[in-house]
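Engineer: Structure: upload_23.cif, mmCIF, C-alpha atoms.
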```cif
data_input
#
loop_
_atom_site.label_atom_id
_atom_site.label_comp_id
_atom_site.auth_asym_id
_atom_site.auth_seq_id
_atom_site.Cartn_x
_atom_site.Cartn_y
_atom_site.Cartn_z
CA MET A 1 10.23 -28.02 -8.77
CA GLU A 2 8.49 -25.07 -10.34
CA HIS A 3 7.95 -22.09 -8.07
CA VAL A 4 5.27 -19.76 -9.41
CA GLY A 5 3.51 -16.64 -8.23
CA ILE A 6 -0.18 -16.13 -8.89
CA PHE A 7 -1.39 -12.58 -9.28
CA GLY A 8 -5.15 -12.13 -9.46
CA GLY A 9 -7.11 -9.03 -10.24
CA THR A 10 -9.67 -7.37 -12.43
CA PHE A 11 -7.00 -6.12 -14.83
CA ASP A 12 -9.37 -3.76 -16.59
CA PRO A 13 -6.97 -2.96 -18.11
CA ILE A 14 -3.67 -4.35 -16.87
CA HIS A 15 -1.26 -1.42 -16.68
CA ILE A 16 2.39 -0.62 -16.23
CA GLY A 17 1.99 -0.50 -12.44
CA HIS A 18 0.89 -4.15 -12.41
CA LEU A 19 3.79 -5.14 -14.66
CA ILE A 20 6.45 -3.28 -12.67
CA THR A 21 5.15 -4.78 -9.43
CA ALA A 22 5.08 -8.28 -10.92
CA GLN A 23 8.62 -7.93 -12.24
CA SER A 24 9.91 -6.83 -8.85
CA LEU A 25 8.20 -9.80 -7.16
CA LEU A 26 9.55 -12.19 -9.76
CA GLU A 27 13.07 -11.07 -8.94
CA PHE A 28 12.68 -10.72 -5.20
CA ARG A 29 11.02 -14.12 -4.74
CA LYS A 30 13.20 -15.78 -7.39
CA LEU A 31 10.11 -17.15 -9.08
CA ASP A 32 10.13 -19.22 -12.24
CA LYS A 33 7.14 -17.30 -13.48
CA ILE A 34 4.18 -15.17 -12.51
CA ILE A 35 0.72 -16.20 -13.64
CA PHE A 36 -1.79 -13.37 -14.04
CA ILE A 37 -5.33 -14.51 -13.31
CA PRO A 38 -8.06 -12.11 -14.40
CA CYS A 39 -11.11 -12.54 -12.22
CA TYR A 40 -14.61 -13.09 -13.45
CA ILE A 41 -16.98 -10.19 -12.92
CA SER A 42 -20.63 -11.01 -12.87
CA PRO A 43 -22.31 -9.25 -15.85
CA HIS A 44 -24.83 -7.47 -13.63
CA LYS A 45 -22.04 -6.14 -11.44
CA ARG A 46 -19.94 -4.78 -14.27
CA GLN A 47 -19.42 -1.06 -14.01
CA ALA A 48 -20.45 1.20 -16.81
CA HIS A 49 -16.92 1.32 -18.16
CA ASN A 50 -15.95 -2.30 -17.46
CA SER A 51 -15.03 -4.22 -20.50
CA ASP A 52 -15.95 -7.63 -21.69
CA PRO A 53 -13.76 -10.43 -20.21
CA LYS A 54 -12.42 -11.26 -23.67
CA HIS A 55 -11.03 -7.71 -23.99
CA ARG A 56 -9.47 -7.80 -20.52
CA LEU A 57 -7.81 -11.09 -21.38
CA GLU A 58 -6.62 -9.95 -24.80
CA ILE A 59 -5.05 -6.80 -23.35
CA LEU A 60 -3.37 -8.93 -20.70
CA LYS A 61 -1.94 -11.29 -23.31
CA LEU A 62 -0.64 -8.41 -25.40
CA SER A 63 0.91 -6.71 -22.36
CA ILE A 64 2.93 -9.72 -21.22
CA GLN A 65 3.83 -11.16 -24.62
CA TYR A 66 7.53 -10.22 -24.48
CA GLN A 67 8.24 -11.26 -20.89
CA LYS A 68 8.67 -15.02 -21.04
CA GLN A 69 8.36 -15.40 -17.27
CA PHE A 70 4.90 -13.83 -17.31
CA ASP A 71 2.02 -16.13 -18.04
CA TYR A 72 -1.76 -16.01 -17.68
CA SER A 73 -4.55 -18.35 -16.74
CA GLU A 74 -8.20 -18.23 -17.78
CA ILE A 75 -9.21 -20.47 -14.92
CA GLU A 76 -11.48 -17.94 -13.20
CA LEU A 77 -12.92 -16.50 -16.40
CA ASN A 78 -13.81 -19.98 -17.60
CA ARG A 79 -15.75 -20.78 -14.45
CA GLY A 80 -18.29 -18.16 -15.43
CA GLU A 81 -19.02 -17.23 -11.85
CA VAL A 82 -17.26 -15.34 -9.09
CA SER A 83 -14.48 -17.57 -7.75
CA TYR A 84 -13.05 -18.07 -4.33
CA THR A 85 -9.25 -17.92 -4.27
CA ILE A 86 -9.09 -21.23 -2.45
CA ASP A 87 -10.79 -22.97 -5.40
CA THR A 88 -8.31 -21.46 -7.85
CA VAL A 89 -5.38 -22.40 -5.65
CA ARG A 90 -6.58 -26.01 -5.29
CA GLU A 91 -6.83 -26.27 -9.06
CA LEU A 92 -3.38 -24.81 -9.66
CA LYS A 93 -1.85 -26.97 -6.95
CA LYS A 94 -2.45 -29.96 -9.23
CA LYS A 95 0.06 -28.47 -11.63
CA TYR A 96 2.54 -26.51 -9.51
CA ASP A 97 4.49 -27.60 -6.45
CA SER A 98 5.16 -24.26 -4.91
CA ILE A 99 2.84 -21.29 -5.20
CA ASP A 100 3.23 -17.73 -4.01
CA LEU A 101 -0.22 -16.21 -3.62
CA ILE A 102 0.32 -12.51 -4.30
CA ILE A 103 -2.19 -10.18 -2.68
CA GLY A 104 -2.47 -6.47 -2.02
CA PHE A 105 -2.13 -4.97 1.44
CA ASP A 106 -5.86 -4.19 1.48
CA ASN A 107 -6.59 -7.89 1.07
CA LEU A 108 -4.42 -8.71 4.06
CA ILE A 109 -6.60 -6.43 6.21
CA VAL A 110 -9.67 -8.50 5.34
CA PHE A 111 -7.95 -11.86 4.96
CA ASP A 112 -9.84 -13.29 7.93
CA SER A 113 -13.06 -12.80 5.91
CA TRP A 114 -11.75 -14.90 3.00
CA LYS A 115 -12.95 -18.43 2.45
CA GLU A 116 -10.69 -20.96 4.21
CA PRO A 117 -7.82 -18.62 5.05
CA ASP A 118 -5.93 -21.29 7.03
CA GLU A 119 -6.05 -23.63 4.06
CA LEU A 120 -4.68 -20.89 1.82
CA PHE A 121 -1.68 -20.61 4.13
CA LYS A 122 -1.20 -24.38 4.03
CA LEU A 123 -1.25 -24.53 0.25
CA THR A 124 0.63 -21.34 -0.63
CA ASN A 125 3.10 -18.75 0.57
CA VAL A 126 0.95 -15.68 1.05
CA ILE A 127 2.91 -12.71 -0.24
CA VAL A 128 1.59 -9.26 0.54
CA MET A 129 2.52 -6.29 -1.61
CA LYS A 130 2.99 -3.30 0.65
CA ARG A 131 3.47 0.04 -1.00
CA ILE A 132 5.05 3.02 0.64
CA ILE A 133 1.64 4.70 0.85
CA ASP A 134 0.06 1.78 2.74
CA LYS A 135 -0.25 2.85 6.34
CA GLU A 136 0.27 0.68 9.39
CA ILE A 137 -2.94 -0.93 10.55
CA GLU A 138 -4.54 -1.13 13.98
CA TYR A 139 -6.12 -4.56 13.92
CA LYS A 140 -3.65 -7.33 13.17
CA HIS A 141 -5.32 -10.71 12.97
CA LYS A 142 -3.25 -13.89 13.16
CA TYR A 143 -2.71 -13.97 9.39
CA TYR A 144 -0.82 -10.69 9.54
CA GLU A 145 2.07 -12.45 11.29
CA MET A 146 1.88 -15.48 9.01
CA ALA A 147 2.08 -13.54 5.75
CA THR A 148 5.29 -12.42 4.05
CA ILE A 149 5.09 -8.70 3.52
CA ILE A 150 7.19 -7.26 0.73
CA GLN A 151 7.73 -3.63 -0.02
CA THR A 152 6.86 -3.19 -3.68
CA PRO A 153 7.34 -0.20 -5.98
CA TYR A 154 4.56 2.32 -5.88
CA VAL A 155 3.31 3.50 -9.23
CA GLU A 156 0.53 6.01 -8.84
CA LEU A 157 -1.73 4.59 -11.49
CA SER A 158 -5.02 2.77 -11.51
CA SER A 159 -7.17 1.05 -14.09
CA THR A 160 -10.02 3.40 -13.20
CA TYR A 161 -7.81 6.39 -13.96
CA ILE A 162 -6.83 4.90 -17.32
CA ARG A 163 -10.43 4.11 -18.24
CA ASN A 164 -11.49 7.63 -17.30
CA ARG A 165 -8.72 9.17 -19.39
CA GLU A 166 -9.68 7.03 -22.34
CA ALA A 167 -13.35 7.92 -21.88
CA ASN A 168 -12.34 11.58 -22.03
CA ASN A 169 -10.11 11.09 -25.08
CA LEU A 170 -6.94 11.83 -23.13
CA PRO A 171 -3.70 10.02 -23.96
CA ILE A 172 -2.91 6.81 -22.10
CA ASP A 173 0.61 6.45 -23.48
CA PHE A 174 3.17 5.03 -21.01
CA MET A 175 0.36 3.88 -18.70
CA VAL A 176 -0.28 0.68 -20.62
CA THR A 177 1.97 -1.08 -23.13
CA TYR A 178 1.93 0.13 -26.71
CA ALA A 179 0.15 -3.01 -27.90
CA ALA A 180 -2.47 -2.65 -25.18
CA LYS A 181 -3.08 0.98 -26.12
CA GLU A 182 -3.51 0.05 -29.77
CA TYR A 183 -5.97 -2.69 -28.84
CA ILE A 184 -7.99 -0.33 -26.61
CA HIS A 185 -8.23 2.23 -29.40
CA LYS A 186 -9.01 -0.31 -32.10
CA ASN A 187 -11.88 -1.72 -30.05
CA ASN A 188 -13.08 1.66 -28.82
CA LEU A 189 -13.07 0.52 -25.20
CA TYR A 190 -14.15 2.49 -22.10
CA HIS A 191 -16.23 5.02 -24.03
CA MET B 1 -2.66 13.97 10.13
CA THR B 2 -4.97 11.29 11.54
CA ASN B 3 -8.10 10.77 9.55
CA VAL B 4 -11.14 11.70 11.59
CA THR B 5 -13.98 9.22 11.37
CA ASN B 6 -17.56 10.17 12.18
CA VAL B 7 -20.06 7.48 13.03
CA PHE B 8 -23.79 7.97 12.49
CA PHE B 9 -26.24 5.73 14.34
CA VAL B 10 -29.33 6.06 12.20
CA LEU B 11 -32.58 5.11 13.88
CA THR B 12 -35.38 5.67 11.43
CA GLU B 13 -38.02 4.46 13.86
CA PRO B 14 -38.54 5.68 17.42
CA ILE B 15 -37.10 3.43 20.10
CA PHE B 16 -37.16 5.53 23.26
CA SER B 17 -40.81 6.47 22.99
CA LYS B 18 -42.62 3.42 24.34
CA ASN B 19 -45.85 4.46 22.64
CA ASP B 20 -44.38 4.84 19.20
CA CYS B 21 -41.75 2.14 19.36
CA HIS B 22 -41.90 -0.58 16.74
CA VAL B 23 -42.97 -3.77 18.50
CA TYR B 24 -40.65 -6.75 18.39
CA PRO B 25 -42.66 -9.97 17.79
CA HIS B 26 -44.31 -11.24 21.02
CA PHE B 27 -42.80 -8.40 23.08
CA SER B 28 -44.67 -5.68 24.93
CA LYS B 29 -44.07 -2.10 23.79
CA PRO B 30 -41.91 -1.17 26.82
CA ASP B 31 -39.83 -4.32 26.41
CA SER B 32 -39.46 -3.72 22.68
CA SER B 33 -38.13 -0.28 23.54
CA PHE B 34 -35.81 -1.81 26.14
CA LEU B 35 -34.51 -4.29 23.55
CA TYR B 36 -33.84 -1.70 20.84
CA VAL B 37 -32.29 0.76 23.30
CA THR B 38 -30.02 -2.05 24.52
CA LEU B 39 -28.92 -2.83 20.98
CA LEU B 40 -28.15 0.84 20.44
CA LYS B 41 -26.36 1.23 23.79
CA ASN B 42 -24.29 -1.86 23.12
CA LEU B 43 -23.06 -0.63 19.74
CA TYR B 44 -22.51 2.85 21.12
CA GLU B 45 -20.41 1.39 23.92
CA ILE B 46 -18.30 -0.65 21.48
CA PHE B 47 -17.74 2.30 19.16
CA SER B 48 -16.86 4.60 22.03
CA SER B 49 -14.15 2.15 23.11
CA VAL B 50 -12.41 2.82 19.80
CA LEU B 51 -13.42 6.37 18.87
CA GLY B 52 -14.08 9.49 20.88
CA LYS B 53 -17.69 10.18 21.80
CA GLU B 54 -17.41 13.52 20.02
CA ASP B 55 -17.22 11.55 16.76
CA LEU B 56 -20.37 9.55 17.41
CA PHE B 57 -23.68 10.96 16.17
CA LEU B 58 -27.09 9.72 17.17
CA CYS B 59 -29.71 10.38 14.52
CA LEU B 60 -33.03 9.67 16.16
CA ASN B 61 -36.62 9.83 15.10
CA GLU B 62 -38.23 13.09 16.20
CA LYS B 63 -40.89 11.12 18.07
CA ASP B 64 -38.15 10.19 20.54
CA LYS B 65 -37.31 13.78 21.33
CA GLU B 66 -39.71 14.31 24.17
CA MET B 67 -38.88 10.96 25.74
CA ILE B 68 -35.16 11.68 25.61
CA THR B 69 -35.69 14.98 27.38
CA LEU B 70 -37.67 13.25 30.07
CA THR B 71 -35.34 10.37 30.70
CA SER B 72 -31.99 11.89 29.62
CA PRO B 73 -30.14 8.64 29.12
CA PRO B 74 -26.62 9.25 30.35
CA PHE B 75 -24.96 7.67 27.33
CA LEU B 76 -26.35 10.23 24.93
CA SER B 77 -23.71 12.58 23.73
CA ALA B 78 -24.12 16.16 22.67
CA ASN B 79 -24.26 14.86 19.12
CA THR B 80 -27.89 13.81 19.20
CA PHE B 81 -30.09 14.98 16.37
CA TYR B 82 -33.71 14.38 15.49
CA PHE B 83 -35.18 13.90 12.06
CA ASP B 84 -38.58 13.14 10.66
CA GLU B 85 -39.15 9.95 8.71
CA GLN B 86 -39.16 11.84 5.41
CA THR B 87 -35.57 12.94 6.00
CA PHE B 88 -34.42 9.43 6.75
CA THR B 89 -35.84 8.09 3.54
CA ASN B 90 -35.32 10.92 1.10
CA ASP B 91 -32.65 13.27 2.23
CA PHE B 92 -29.54 11.91 3.85
CA THR B 93 -27.79 15.21 3.24
CA SER B 94 -29.22 16.79 6.36
CA ILE B 95 -27.84 13.90 8.41
CA PHE B 96 -24.45 14.17 6.72
CA GLU B 97 -24.39 17.93 7.38
CA LYS B 98 -24.00 17.19 11.09
CA ARG B 99 -20.50 15.81 10.52
CA LYS B 100 -17.51 17.39 12.17
CA PRO B 101 -15.43 19.77 10.06
CA GLY B 102 -12.39 17.92 8.77
CA ALA B 103 -13.95 14.48 9.06
CA ARG B 104 -12.96 12.36 6.10
CA ASN B 105 -14.23 8.89 6.91
CA PHE B 106 -17.82 8.03 7.67
CA ILE B 107 -19.60 5.03 9.11
CA PHE B 108 -23.39 4.75 9.00
CA LEU B 109 -25.21 2.00 10.81
CA ARG B 110 -28.70 0.89 11.69
CA PRO B 111 -28.15 -0.13 15.30
CA ASP B 112 -30.48 -3.11 15.45
CA PHE B 113 -27.80 -5.77 15.51
CA VAL B 114 -25.14 -7.45 17.60
CA GLY B 115 -21.97 -9.17 16.51
CA LEU B 116 -19.64 -6.23 16.10
CA THR B 117 -16.46 -6.12 18.17
CA ASN B 118 -13.90 -3.37 18.64
CA GLN B 119 -11.57 -5.43 16.44
CA ASP B 120 -14.14 -5.30 13.66
CA ILE B 121 -14.26 -1.53 14.04
CA SER B 122 -10.47 -1.30 13.86
CA GLN B 123 -10.59 -3.40 10.72
CA ILE B 124 -13.10 -1.02 9.14
CA LEU B 125 -10.98 1.98 10.15
CA ASP B 126 -7.92 0.29 8.62
CA LEU B 127 -9.75 -0.12 5.34
CA LEU B 128 -10.81 3.52 5.40
CA THR B 129 -7.16 4.60 5.57
CA LEU B 130 -6.44 3.01 2.19
CA ASP B 131 -5.48 5.28 -0.63
CA ASP B 132 -8.33 4.15 -2.90
CA ASP B 133 -11.94 5.21 -2.56
CA VAL B 134 -13.29 2.54 -0.27
CA LEU B 135 -16.79 1.34 0.52
CA VAL B 136 -17.17 -1.18 3.34
CA ILE B 137 -20.38 -3.11 3.84
CA LYS B 138 -21.49 -5.28 6.70
CA LYS B 139 -24.69 -7.11 6.12
CA SER B 140 -27.00 -8.82 8.55
CA LEU B 141 -27.91 -12.48 8.47
CA HIS B 142 -31.20 -11.28 7.01
CA LYS B 143 -29.18 -10.05 4.03
CA LYS B 144 -29.80 -6.37 4.73
CA ILE B 145 -27.07 -3.76 4.92
CA ALA B 146 -26.49 -3.16 8.61
CA LEU B 147 -23.49 -0.86 8.25
CA PHE B 148 -21.68 0.95 5.51
CA ALA B 149 -18.53 3.00 5.68
CA THR B 150 -16.58 5.08 3.22
CA ASN B 151 -13.59 7.36 2.94
CA ASN B 152 -15.24 9.29 0.12
CA TYR B 153 -18.84 10.12 0.91
CA GLN B 154 -21.06 10.64 -2.09
CA PRO B 155 -24.82 11.21 -1.65
CA GLU B 156 -25.50 8.43 -4.17
CA ILE B 157 -24.34 5.81 -1.67
CA PRO B 158 -27.11 6.18 0.97
CA GLU B 159 -29.56 7.02 -1.80
CA LEU B 160 -28.91 3.73 -3.59
CA ILE B 161 -29.02 1.78 -0.35
CA HIS B 162 -32.30 3.41 0.68
CA LYS B 163 -33.87 2.86 -2.72
CA LYS B 164 -33.12 -0.83 -2.43
CA ASN B 165 -34.58 -0.88 1.06
CA PHE B 166 -31.20 -1.91 2.49
CA VAL B 167 -31.41 -5.28 0.70
CA CYS B 168 -27.74 -6.07 0.29
CA GLU B 169 -27.59 -7.90 -3.04
CA SER B 170 -29.90 -5.45 -4.82
CA ALA B 171 -27.99 -2.46 -3.44
CA LEU B 172 -24.63 -4.01 -4.34
CA LYS B 173 -25.66 -4.35 -7.96
CA LYS B 174 -26.05 -0.58 -8.05
CA LEU B 175 -23.13 0.25 -5.74
CA CYS B 176 -20.78 -1.70 -8.00
CA GLY B 177 -21.53 0.92 -10.63
CA LEU B 178 -19.67 3.48 -8.50
CA ASP B 179 -15.90 3.44 -8.67
CA TYR B 180 -15.15 2.22 -5.18
CA GLN B 181 -13.07 -0.61 -3.82
CA LEU B 182 -15.82 -2.62 -2.22
CA TYR B 183 -15.23 -4.75 0.88
CA LYS B 184 -17.93 -7.01 2.23
CA LEU B 185 -17.00 -8.05 5.75
CA LYS B 186 -18.26 -10.71 8.13
CA ASN B 187 -21.98 -10.63 8.79
CA VAL B 188 -23.65 -9.30 11.90
CA PHE B 189 -26.78 -10.53 13.63
CA SER B 190 -29.86 -8.33 13.42
CA LEU B 191 -33.10 -8.76 15.31
CA GLU B 192 -36.06 -8.69 12.97
CA GLN B 193 -38.03 -11.89 13.22
CA ALA B 194 -39.50 -13.74 16.20
CA ASN B 195 -36.98 -16.56 16.06
CA ASP B 196 -34.05 -14.13 16.17
CA PHE B 197 -34.49 -13.71 19.91
CA LYS B 198 -33.74 -17.38 20.50
CA GLU B 199 -30.77 -17.12 18.12
CA LEU B 200 -29.55 -14.10 20.06
CA TYR B 201 -29.66 -16.09 23.28
CA GLN B 202 -27.66 -18.91 21.73
CA MET B 203 -25.22 -16.52 20.15
CA LEU B 204 -24.50 -14.57 23.34
CA SER B 205 -24.03 -17.85 25.22
CA ARG B 206 -21.06 -18.79 23.06
CA LYS B 207 -17.66 -17.85 24.40
CA GLU B 208 -16.36 -16.54 21.07
CA ASN B 209 -19.05 -13.87 21.12
CA TYR B 210 -18.21 -12.43 24.53
CA ALA B 211 -16.47 -9.51 22.83
CA CYS B 212 -19.77 -8.50 21.22
CA CYS B 213 -21.14 -7.02 24.40
CA SER B 214 -20.02 -5.96 27.86
CA LYS B 215 -21.12 -7.56 31.12
CA GLN B 216 -23.51 -4.67 31.71
CA MET B 217 -25.09 -5.08 28.28
CA HIS B 218 -25.22 -8.82 28.74
CA ASP B 219 -27.18 -8.25 31.93
CA ARG B 220 -29.70 -6.12 30.05
CA PHE B 221 -30.18 -8.86 27.48
CA THR B 222 -30.44 -11.43 30.28
CA HIS B 223 -33.30 -9.43 31.79
CA LEU B 224 -35.18 -9.98 28.52
CA PHE B 225 -34.18 -13.63 28.25
CA ILE B 226 -35.74 -14.20 31.68
CA GLU B 227 -38.80 -12.15 30.88
CA TYR B 228 -39.44 -14.02 27.63
CA LYS B 229 -38.00 -17.42 28.48
CA GLU B 230 -40.88 -19.17 26.71
CA LEU B 231 -39.48 -17.85 23.43
CA LEU B 232 -36.10 -19.50 23.98
#
```
As structure tokens, what does this structure read like?

Structural biologist:
Amino acid sequence: MEHVGIFGGTFDPIHIGHLITAQSLLEFRKLDKIIFIPCYISPHKRQAHNSDPKHRLEILKLSIQYQKQFDYSEIELNRGEVSYTIDTVRELKKKYDSIDLIIGFDNLIVFDSWKEPDELFKLTNVIVMKRIIDKEIEYKHKYYEMATIIQTPYVELSSTYIRNREANNLPIDFMVTYAAKEYIHKNNLYH
Amino acid sequence: MTNVTNVFFVLTEPIFSKNDCHVYPHFSKPDSSFLYVTLLKNLYEIFSSVLGKEDLFLCLNEKDKEMITLTSPPFLSANTFYFDEQTFTNDFTSIFEKRKPGARNFIFLRPDFVGLTNQDISQILDLLTLDDDVLVIKKSLHKKIALFATNNYQPEIPELIHKKNFVCESALKKLCGLDYQLYKLKNVFSLEQANDFKELYQMLSRKENYACCSKQMHDRFTHLFIEYKELL
């Protein structure tokens, strides 16, 4: 029985913080693999510095190429429209028996606004990444108790920060993998 | 240190002045005023159950000023300010300037809706404590932005929303261009069209919506339901 974690996000670009967090979850949850799922962003909602989905995907592939337990799925990109997590989970459930749905602490706060939250709990183990900087919250809906909250490493880094540095011709070494950096430069991204 | 949150109730049109009040379809002017004041009072009451009244700011149309002085509604706090319509549409800065020193989080709402509970407010406040720059939107069932909140106020936010006449999807297209974590929460119910009154009646009759208004506020709405029972 394959036990996988699914880790969705914009990944624009995927950075070291994402990779460190994923590695820690892989070990802590004893997962067979983690599948990164870049989300589709509607073209009219793309920010000025957002990159084309093909670039986001290529950087992702390059960044995880040497970690055999990291995989990716184009499922949401291929849909060509904004996806609901429940639809992605239903699709992946056809292939995997046990799924950890990995979400950020901010997503737990608004989980009651997600589409079919009860069904998500039926189909997956909802794993919440809580960083040391995430404060305790006031309003705890029923899903708060149902979720598994895991303290994950905190790397003070964001994709926005990386894009801004690149836009200002500042080095992004050690923030993304070497291959990702080379790809970003070669394709003149975020300028 | 706890993050201080200031809440701005922005009423672009007069609601206390019965002569100038925008008329709700099929309502008399005094009853329209009663309806809009009830919507405001209800939201004010819910917010004041979570936050201190000193953090709540009423931004009213200047045409309401005289009426407020005459009637002095007891719920009005010291933080009541008056603006002309030009300010509401073009210059949000003067509204924002009324904030308390040290306030970091801000909630702006057009108080013409129901459907917000104190749990919803806690949820918004939780989001505002996140480390990222956060923008929270609550839209009405008429697809307009009823409330927006942020932990990093930039003048572009209200400007973009105003330019798009509060139409949620159009504003979101522009707001996505700003580097904020955007959260769109459950919708609220605004009163704009004639049929909304009937919907309001049905909504407030459902048990799950009891938290949306107090018994006292429910009684005020009931007064209108009786008065306009032919609309139900």

Engineer: As a check of understanding, name the residues that the PyMOL selection byres ((chain B) within 8 of (chain A)) selects in the supplied structure, as a VMD selection string.

Structural biologist: chain B and resid 119 122 to 123 126 to 127 129 to 131 172 to 174 176 to 179 185 to 186

Engineer: With C-alpha atoms retained, export the selected residues as a PDB file, in the frame of the given file.

Structural biologist:
```
ATOM      1  CA  GLN B 119     -11.570  -5.430  16.440  1.00  0.00           C
ATOM      2  CA  SER B 122     -10.470  -1.300  13.860  1.00  0.00           C
ATOM      3  CA  GLN B 123     -10.590  -3.400  10.720  1.00  0.00           C
ATOM      4  CA  ASP B 126      -7.920   0.290   8.620  1.00  0.00           C
ATOM      5  CA  LEU B 127      -9.750  -0.120   5.340  1.00  0.00           C
ATOM      6  CA  THR B 129      -7.160   4.600   5.570  1.00  0.00           C
ATOM      7  CA  LEU B 130      -6.440   3.010   2.190  1.00  0.00           C
ATOM      8  CA  ASP B 131      -5.480   5.280  -0.630  1.00  0.00           C
ATOM      9  CA  LEU B 172     -24.630  -4.010  -4.340  1.00  0.00           C
ATOM     10  CA  LYS B 173     -25.660  -4.350  -7.960  1.00  0.00           C
ATOM     11  CA  LYS B 174     -26.050  -0.580  -8.050  1.00  0.00           C
ATOM     12  CA  CYS B 176     -20.780  -1.700  -8.000  1.00  0.00           C
ATOM     13  CA  GLY B 177     -21.530   0.920 -10.630  1.00  0.00           C
ATOM     14  CA  LEU B 178     -19.670   3.480  -8.500  1.00  0.00           C
ATOM     15  CA  ASP B 179     -15.900   3.440  -8.670  1.00  0.00           C
ATOM     16  CA  LEU B 185     -17.000  -8.050   5.750  1.00  0.00           C
ATOM     17  CA  LYS B 186     -18.260 -10.710   8.130  1.00  0.00           C
TER      18      LYS B 186
END
```

Engineer: Can you spell out as a list in words the set of residues that the PyMOL selection byres ((chain B and resi 63) around 12) selects in the structure I just provided?

Structural biologist: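 Those residues are Leu11, Thr12, Glu13, Pro14, Ile15, Phe16, Ser17, Lys18, Asn19, Asp20, Cys21, His22, Cys59, Leu60, Asn61, Glu62, Asp64, Lys65, Glu66, Met67, Ile68, Thr69, Phe81, Tyr82, Phe83, Asp84 and Glu85 of chain B.
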
Engineer: Could you tell me which residues the PyMOL selection byres ((chain A and resi 88) around 12) returns for this structure, as a PyMOL selection string?

Structural biologist: chain A and resi 6-8+35+37-40+73-79+82-87+89-95+99+101+115+120+123-124

Engineer: One number please: CA of Asp219 in chain B to CA of Val50 in chain B, in Å, one decimal.

Structural biologist: 22.1 Å

Engineer: List the neighbours of range 149-163 of chain B out to 6 Å using only C-alpha atoms; skip same-chain residues closer than 5 positions along the sequence, and give me the result as a PyMOL selection string.

Structural biologist: chain B and resi 104-107+128+133-136+171

Engineer: What lies within 6 Å of Ser140 in chain B using only C-alpha atoms, ignoring chain neighbours under 2 positions off, as a VMD selection string?

Structural biologist: chain B and resid 142 to 144 146 187 to 190

Engineer: Generate a file of the selected residues that holds C-alpha atoms, formatted as a PDB file, in the frame of the given file.

Structural biologist:
```pdb
ATOM      1  CA  HIS B 142     -31.200 -11.280   7.010  1.00  0.00           C
ATOM      2  CA  LYS B 143     -29.180 -10.050   4.030  1.00  0.00           C
ATOM      3  CA  LYS B 144     -29.800  -6.370   4.730  1.00  0.00           C
ATOM      4  CA  ALA B 146     -26.490  -3.160   8.610  1.00  0.00           C
ATOM      5  CA  ASN B 187     -21.980 -10.630   8.790  1.00  0.00           C
ATOM      6  CA  VAL B 188     -23.650  -9.300  11.900  1.00  0.00           C
ATOM      7  CA  PHE B 189     -26.780 -10.530  13.630  1.00  0.00           C
ATOM      8  CA  SER B 190     -29.860  -8.330  13.420  1.00  0.00           C
TER       9      SER B 190
END
```

Engineer: From the set A:Met129, A:Leu19, A:Lys33, A:Pro117, which residue has the shortest atom-to-atom contact distance to Lys142 in chain A, counting only C-alpha atoms?

Structural biologist: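 So, comparing all the options, the nearest one is A:Pro117.
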
Engineer: From the set A:Glu166, A:Leu108, A:Ile184, A:Val126, which residue has the shortest atom-to-atom contact distance to Tyr144 in chain A, counting only C-alpha atoms?

Structural biologist: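 For Tyr144 in chain A, the nearest of the candidates is A:Leu108.
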
Engineer: Rounded to one decimal place, report the CA of Gln23 in chain A-CA of Gly9 in chain A distance in Å.

Structural biologist: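 One can read the CA of Gln23 in chain A to CA of Gly9 in chain A distance as 15.9 Å.
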
Engineer: Suppose you want the space between CA of Ala103 in chain B and CA of Asp120 in chain B; what is it in Å?

Structural biologist: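 CA of Asp120 in chain B lies at a distance of 20.3 Å from CA of Ala103 in chain B.
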
Engineer: Using all atoms listed in the file, which of B:Leu231, B:Gln193, B:Ile226, B:Leu147 sits nearest Phe166 in chain B?

Structural biologist: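 The shortest atom-to-atom distance to Phe166 in chain B comes from B:Leu147.
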
Engineer: Please provide the set of residues having any atom within 9 Å of Lys41 in chain B, restricted to all atoms listed in the file, with same-chain residues fewer than 3 positions apart removed, written as an MDAnalysis selection string.

Structural biologist: chainID B and resid 36:38 44:46 75 111 217

Engineer: Which residue is closest to Gln181 in chain B? Choose from B:Val114, B:Tyr201, B:Asp132, B:Ser214 and count only C-alpha atoms.

Structural biologist: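 When distances to Gln181 in chain B are compared using only C-alpha atoms, the smallest one comes from B:Asp132.
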